[in-house]
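A short worksheet on the structure shown next.
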Amino acid sequence: MLKIESVSKRFRAGNFGVRDLSLEVKSGVIGLLGPNGAGKTTLMQMIATITRPTSGRILFHDQDIAKRPNELRRRLGYLPQDFGVYDNLTATEFLTYFAALKGVRSRQRVMEMLESVNLHGVANRTVGGFSGGMKQRLGIAQALINDPELVIVDEPTAGLDPEERVRFRNVLSEIGFGKLVILSTHIVDDVRELCPQMAIISQGEVLVQGSPAQSIDSLGGKIWRKMMDDAGELADVEKTHHVISTHLVAGLTEVRVYADSHPGAGFTPVDPDIEDVYFLNLSRGRRN
């Protein structure tokens, strides 16, 4: 179990990356969802013992990881946002090297991990010729090579094409059993596809934590939609309604608002989704 107690990270310039953040997760896959600059990477780096909190505590199995970082590192798998590779090494050589760094000497384990991320067919190809998605799958293989209890992956699908994103999600979904996997992302679909738990983070603070399904259900009957082609009408709606998102659809602007009762002419009720949960909580955060 991972428990984060009132953690803050203040940088030398005086700004906060994370401010008084508390979070508790037990097992399975949890998605940390938030915009770029929300503090997700700073939080991940503190959990991975790369940097220390300015205040507060992070406990893993009731042990303060700042006091005993090596205890966690032996049980940790980490895929950072900017994962570099050695282009001149083959996939087997690359993974063997990282396995050795983590005290794993089994060639069989290396080959099993390459197969688990569907790279066994290119095991003897140099990594420099891999696509972005293949490199990310190799990254998750190195994170899992030591069979960790805690797995941290930071923005793993950013920059991947749709096909590679689906492949990578499939890999992540398979590793969540019996482990705690923390997935940081700003891509709503990642959480919808992968995570039975989520926390929405903005400006270094947790806005909401819980089950995506329960959060969606809580918005039943409160999300309304209207199509507009007049910028002036949109400006008027923004003044009088709680607009949570706008999207272009076939040249028209789809406006979604949050309201307990019918918000007016032209609006129709829609079933809420995870994007509505996300944008509603971000808009509430901006209002506070």
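Identifiers in this document derive from the order of the structure tokens: chains are assigned A, B, ..., residues are numbered from 1 separately in each chain, and ligands are numbered from 1 in order of occurrence.
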Determine which residues of stretch 56-218 of chain A DSSP labels as strand (DSSP E) from the backbone of this structure, then write them out as a ChimeraX atom specification. /A:56-60,63-64,76-79,150-154,180-185,197-202,205-210
Write out, as a tab-separated table, each residue of stretch 98-197 of chain A that has an atom at most 12 Å from stretch 59-73 of chain A, together with the closest pair of atoms and their distance in Å to one decimal, counting only C-alpha atoms, rows going by chain and rising number.
```
residue	atom	partner	partner_atom	distance
A:Leu101	CA	A:Arg73	CA	11.8
A:Lys102	CA	A:Arg73	CA	9.3
A:Gly103	CA	A:Arg73	CA	11.8
A:Ala143	CA	A:Arg73	CA	11.3
A:Asn146	CA	A:Arg73	CA	10.4
A:Asp147	CA	A:Arg73	CA	11.8
A:Pro148	CA	A:Arg73	CA	9.0
A:Glu149	CA	A:Leu72	CA	9.1
A:Leu150	CA	A:Leu72	CA	8.4
A:Val151	CA	A:Arg73	CA	10.6
A:Ile152	CA	A:Arg73	CA	11.5
A:Leu180	CA	A:Phe60	CA	10.7
```
For the structure I just gave you, how does DSSP split stretch 132-222 of chain A - specifically, which residues are helix (DSSP H, G or I)? Reply as an NGL selection string. :A and (132-144 or 162-175 or 188-194 or 212-217)
Determine, counting only C-alpha atoms, which protein, DNA and RNA residues have an atom within 8 Å of an atom of stretch 182-184 of chain A; residues of the same chain fewer than 6 positions away are not included. Present the result as a ChimeraX atom specification. /A:29-33,40-41,44,150-156
Would you save the residues of that selection, restricted to N, CA and C atoms, as a PDB file, in the first residue's frame?
```pdb
ATOM      1  N   VAL A  29      -4.230  -0.746 -10.881  1.00  0.00           N
ATOM      2  CA  VAL A  29      -3.754   0.375 -11.685  1.00  0.00           C
ATOM      3  C   VAL A  29      -4.525   1.631 -11.306  1.00  0.00           C
ATOM      4  N   ILE A  30      -3.805   2.677 -10.923  1.00  0.00           N
ATOM      5  CA  ILE A  30      -4.419   3.980 -10.662  1.00  0.00           C
ATOM      6  C   ILE A  30      -3.872   4.988 -11.664  1.00  0.00           C
ATOM      7  N   GLY A  31      -4.751   5.763 -12.251  1.00  0.00           N
ATOM      8  CA  GLY A  31      -4.356   6.793 -13.199  1.00  0.00           C
ATOM      9  C   GLY A  31      -4.315   8.153 -12.533  1.00  0.00           C
ATOM     10  N   LEU A  32      -3.185   8.829 -12.667  1.00  0.00           N
ATOM     11  CA  LEU A  32      -3.064  10.227 -12.247  1.00  0.00           C
ATOM     12  C   LEU A  32      -3.305  11.080 -13.478  1.00  0.00           C
ATOM     13  N   LEU A  33      -4.456  11.692 -13.536  1.00  0.00           N
ATOM     14  CA  LEU A  33      -4.902  12.413 -14.724  1.00  0.00           C
ATOM     15  C   LEU A  33      -4.837  13.911 -14.464  1.00  0.00           C
ATOM     16  N   LYS A  40       2.204  16.144 -11.913  1.00  0.00           N
ATOM     17  CA  LYS A  40       2.218  14.683 -11.951  1.00  0.00           C
ATOM     18  C   LYS A  40       3.649  14.140 -11.947  1.00  0.00           C
ATOM     19  N   THR A  41       4.509  14.696 -12.798  1.00  0.00           N
ATOM     20  CA  THR A  41       5.885  14.198 -12.881  1.00  0.00           C
ATOM     21  C   THR A  41       6.639  14.455 -11.588  1.00  0.00           C
ATOM     22  N   MET A  44       5.553  11.791  -9.221  1.00  0.00           N
ATOM     23  CA  MET A  44       6.129  10.500  -9.582  1.00  0.00           C
ATOM     24  C   MET A  44       7.599  10.419  -9.177  1.00  0.00           C
ATOM     25  N   LEU A 150       5.904  -2.258  -7.007  1.00  0.00           N
ATOM     26  CA  LEU A 150       5.388  -0.937  -7.369  1.00  0.00           C
ATOM     27  C   LEU A 150       5.948  -0.554  -8.735  1.00  0.00           C
ATOM     28  N   VAL A 151       5.058  -0.216  -9.660  1.00  0.00           N
ATOM     29  CA  VAL A 151       5.451   0.178 -11.015  1.00  0.00           C
ATOM     30  C   VAL A 151       4.953   1.595 -11.265  1.00  0.00           C
ATOM     31  N   ILE A 152       5.849   2.469 -11.714  1.00  0.00           N
ATOM     32  CA  ILE A 152       5.515   3.859 -11.999  1.00  0.00           C
ATOM     33  C   ILE A 152       5.798   4.126 -13.475  1.00  0.00           C
ATOM     34  N   VAL A 153       4.791   4.587 -14.196  1.00  0.00           N
ATOM     35  CA  VAL A 153       4.972   4.923 -15.612  1.00  0.00           C
ATOM     36  C   VAL A 153       4.453   6.340 -15.831  1.00  0.00           C
ATOM     37  N   ASP A 154       5.305   7.202 -16.344  1.00  0.00           N
ATOM     38  CA  ASP A 154       5.011   8.628 -16.464  1.00  0.00           C
ATOM     39  C   ASP A 154       4.777   8.996 -17.926  1.00  0.00           C
ATOM     40  N   GLU A 155       3.531   9.366 -18.247  1.00  0.00           N
ATOM     41  CA  GLU A 155       3.129   9.764 -19.599  1.00  0.00           C
ATOM     42  C   GLU A 155       3.599   8.741 -20.636  1.00  0.00           C
ATOM     43  N   PRO A 156       3.255   7.476 -20.486  1.00  0.00           N
ATOM     44  CA  PRO A 156       3.829   6.452 -21.362  1.00  0.00           C
ATOM     45  C   PRO A 156       3.311   6.468 -22.791  1.00  0.00           C
TER      46      PRO A 156
END
```
